[in-house]
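Student: This one is my_file.cif, mmCIF, N, CA and C atoms.
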data_target
loop_
_atom_site.label_atom_id
_atom_site.label_comp_id
_atom_site.auth_asym_id
_atom_site.auth_seq_id
_atom_site.Cartn_x
_atom_site.Cartn_y
_atom_site.Cartn_z
N MET S 305 -228.47 124.78 224.36
CA MET S 305 -229.21 124.54 223.16
C MET S 305 -228.77 123.22 222.53
N ILE S 306 -227.47 122.98 222.54
CA ILE S 306 -226.97 121.75 221.92
C ILE S 306 -227.42 120.52 222.70
N GLY S 307 -227.40 120.61 224.04
CA GLY S 307 -227.89 119.49 224.85
C GLY S 307 -229.35 119.20 224.58
N ALA S 308 -230.16 120.25 224.46
CA ALA S 308 -231.59 120.07 224.14
C ALA S 308 -231.74 119.43 222.76
N MET S 309 -230.91 119.85 221.81
CA MET S 309 -230.96 119.28 220.47
C MET S 309 -230.61 117.79 220.50
N MET S 310 -229.63 117.41 221.32
CA MET S 310 -229.26 116.00 221.44
C MET S 310 -230.43 115.17 221.96
N VAL S 311 -231.16 115.72 222.92
CA VAL S 311 -232.32 115.01 223.48
C VAL S 311 -233.44 114.94 222.45
N MET S 312 -233.73 116.05 221.79
CA MET S 312 -234.85 116.09 220.85
C MET S 312 -234.61 115.23 219.61
N THR S 313 -233.36 115.10 219.18
CA THR S 313 -233.06 114.28 218.00
C THR S 313 -232.86 112.81 218.35
N GLY S 314 -232.85 112.50 219.66
CA GLY S 314 -232.72 111.11 220.08
C GLY S 314 -231.28 110.63 220.22
N LYS S 315 -230.29 111.52 220.01
CA LYS S 315 -228.89 111.10 220.16
C LYS S 315 -228.57 110.84 221.62
N TRP S 316 -229.24 111.55 222.52
CA TRP S 316 -229.09 111.31 223.96
C TRP S 316 -230.43 110.80 224.47
N PHE S 317 -230.58 109.50 224.56
CA PHE S 317 -231.82 108.93 225.09
C PHE S 317 -231.53 107.61 225.75
N ARG S 318 -231.99 107.49 226.97
CA ARG S 318 -232.01 106.22 227.71
C ARG S 318 -233.18 106.31 228.66
N PRO S 319 -233.86 105.22 228.88
CA PRO S 319 -234.93 105.26 229.88
C PRO S 319 -234.35 105.49 231.27
N GLY S 320 -235.00 106.30 232.04
CA GLY S 320 -234.52 106.59 233.39
C GLY S 320 -233.99 108.01 233.50
N VAL S 321 -233.30 108.27 234.58
CA VAL S 321 -232.76 109.60 234.86
C VAL S 321 -231.23 109.53 234.80
N TYR S 322 -230.64 110.41 234.01
CA TYR S 322 -229.19 110.42 233.83
C TYR S 322 -228.67 111.85 233.82
N ASN S 323 -227.40 112.02 234.19
CA ASN S 323 -226.72 113.30 234.03
C ASN S 323 -226.19 113.39 232.60
N VAL S 324 -225.99 114.60 232.09
CA VAL S 324 -225.47 114.74 230.72
C VAL S 324 -224.08 114.13 230.59
N GLU S 325 -223.32 114.08 231.67
CA GLU S 325 -221.98 113.51 231.63
C GLU S 325 -221.99 112.01 231.31
N GLU S 326 -223.13 111.36 231.48
CA GLU S 326 -223.22 109.92 231.25
C GLU S 326 -223.52 109.56 229.79
N PHE S 327 -223.82 110.55 228.97
CA PHE S 327 -224.12 110.29 227.56
C PHE S 327 -222.86 110.40 226.72
N ASP S 328 -222.92 109.88 225.50
CA ASP S 328 -221.79 109.93 224.57
C ASP S 328 -221.49 111.40 224.22
N PRO S 329 -220.27 111.87 224.49
CA PRO S 329 -219.96 113.29 224.24
C PRO S 329 -219.65 113.61 222.77
N ASP S 330 -219.37 112.60 221.95
CA ASP S 330 -218.93 112.87 220.59
C ASP S 330 -219.93 113.68 219.76
N PRO S 331 -221.23 113.34 219.74
CA PRO S 331 -222.16 114.16 218.96
C PRO S 331 -222.23 115.60 219.48
N PHE S 332 -222.13 115.77 220.79
CA PHE S 332 -222.15 117.11 221.38
C PHE S 332 -220.93 117.92 220.93
N MET S 333 -219.75 117.30 220.98
CA MET S 333 -218.53 118.00 220.60
C MET S 333 -218.53 118.36 219.12
N GLU S 334 -219.08 117.49 218.28
CA GLU S 334 -219.18 117.80 216.85
C GLU S 334 -220.13 118.97 216.62
N ALA S 335 -221.23 119.00 217.37
CA ALA S 335 -222.21 120.09 217.22
C ALA S 335 -221.63 121.42 217.68
N LEU S 336 -220.70 121.40 218.64
CA LEU S 336 -220.06 122.65 219.06
C LEU S 336 -219.39 123.35 217.89
N ASN S 337 -218.70 122.58 217.06
CA ASN S 337 -218.05 123.16 215.88
C ASN S 337 -219.07 123.73 214.91
N THR S 338 -220.17 123.04 214.74
CA THR S 338 -221.21 123.48 213.81
C THR S 338 -221.90 124.74 214.28
N TRP S 339 -222.13 124.86 215.58
CA TRP S 339 -222.92 125.97 216.12
C TRP S 339 -222.07 127.11 216.68
N GLY S 340 -220.83 127.24 216.25
CA GLY S 340 -220.07 128.45 216.52
C GLY S 340 -219.16 128.46 217.74
N LEU S 341 -218.83 127.30 218.29
CA LEU S 341 -217.88 127.26 219.39
C LEU S 341 -216.81 126.21 219.06
N PRO S 342 -215.96 126.53 218.07
CA PRO S 342 -214.98 125.54 217.64
C PRO S 342 -213.96 125.21 218.74
N TRP S 343 -213.47 124.00 218.70
CA TRP S 343 -212.49 123.56 219.69
C TRP S 343 -211.48 122.65 218.99
N ILE S 344 -210.31 122.53 219.58
CA ILE S 344 -209.29 121.61 219.11
C ILE S 344 -208.68 120.92 220.32
N GLU S 345 -208.08 119.79 220.09
CA GLU S 345 -207.43 119.05 221.16
C GLU S 345 -205.93 119.11 220.91
N ASN S 346 -205.18 119.60 221.89
CA ASN S 346 -203.74 119.76 221.77
C ASN S 346 -203.05 118.63 222.52
N PHE S 347 -202.33 117.78 221.78
CA PHE S 347 -201.65 116.65 222.39
C PHE S 347 -200.20 116.97 222.77
N ASP S 348 -199.76 118.19 222.46
CA ASP S 348 -198.40 118.61 222.78
C ASP S 348 -198.43 120.04 223.33
N PRO S 349 -199.06 120.26 224.49
CA PRO S 349 -199.18 121.63 225.00
C PRO S 349 -197.83 122.15 225.54
N VAL S 350 -197.72 123.46 225.52
CA VAL S 350 -196.56 124.11 226.11
C VAL S 350 -196.85 124.33 227.59
N LEU S 351 -196.02 123.77 228.45
CA LEU S 351 -196.24 123.89 229.88
C LEU S 351 -195.71 125.22 230.39
N VAL S 352 -196.45 125.82 231.31
CA VAL S 352 -196.09 127.11 231.87
C VAL S 352 -195.68 126.91 233.33
N ASP S 353 -194.59 127.57 233.74
CA ASP S 353 -194.14 127.46 235.13
C ASP S 353 -194.99 128.30 236.04
#
Give the structure from the file, written as structure tokens.

Tutor:
Amino acid sequence: MIGAMMVMTGKWFRPGVYNVEEFDPDPFMEALNTWGLPWIENFDPVLVD
């Protein structure tokens, strides 16, 4: 749904054929928080053996 929203709002648009991985991920990641799938980035993870 979020990918479709990015296309419909014009945040993901380029002429031609592209994979979603080639578009700017920042608007998508921000929308994840808005639409109920919050995420955080951990710069100091605890490593498991």

Student: Name the closest residue to Met333 of chain S among the candidates S:Gly320, S:Gly314, S:Pro349, S:Gly307; distances are taken between atoms, counting only C-alpha atoms.

Tutor: S:Gly307

Student: Would you please extract all alpha helix (DSSP H) residues from chain S, as assigned by DSSP on the backbone, and give them as a list of chain:residue names?

Tutor: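 Taking chain S and keeping alpha helix (DSSP H) gives S:Ile306, S:Gly307, S:Ala308, S:Met309, S:Met310, S:Val311, S:Met312, S:Asp330, S:Pro331, S:Phe332, S:Met333, S:Glu334, S:Ala335, S:Leu336, S:Asn337, S:Thr338.
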
Student: Would you work out the distance separating atom N of Leu336 of chain S from atom C of Met305 of chain S, expressed in Å to one decimal?

Tutor: 9.1 Å

Student: Please indicate the distance in Å from atom CA of Pro329 of chain S to atom N of Leu341 of chain S, rounded to one decimal place.

Tutor: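 Atom-to-atom, atom CA of Pro329 of chain S and atom N of Leu341 of chain S are spaced 15.3 Å apart.
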
Student: Rounded to one decimal in Å, what is the spacing between atom CA of Pro331 of chain S and atom CA of Val350 of chain S?

Tutor: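 So the answer is 28.4 Å.
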
Student: Using only N, CA and C atoms, which of the listed residues (S:Val324, S:Ala335, S:Pro319, S:Asp330) sits closest to Ile306 of chain S?

Tutor: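 Checking each candidate against Ile306 of chain S, we get S:Ala335 as the closest.
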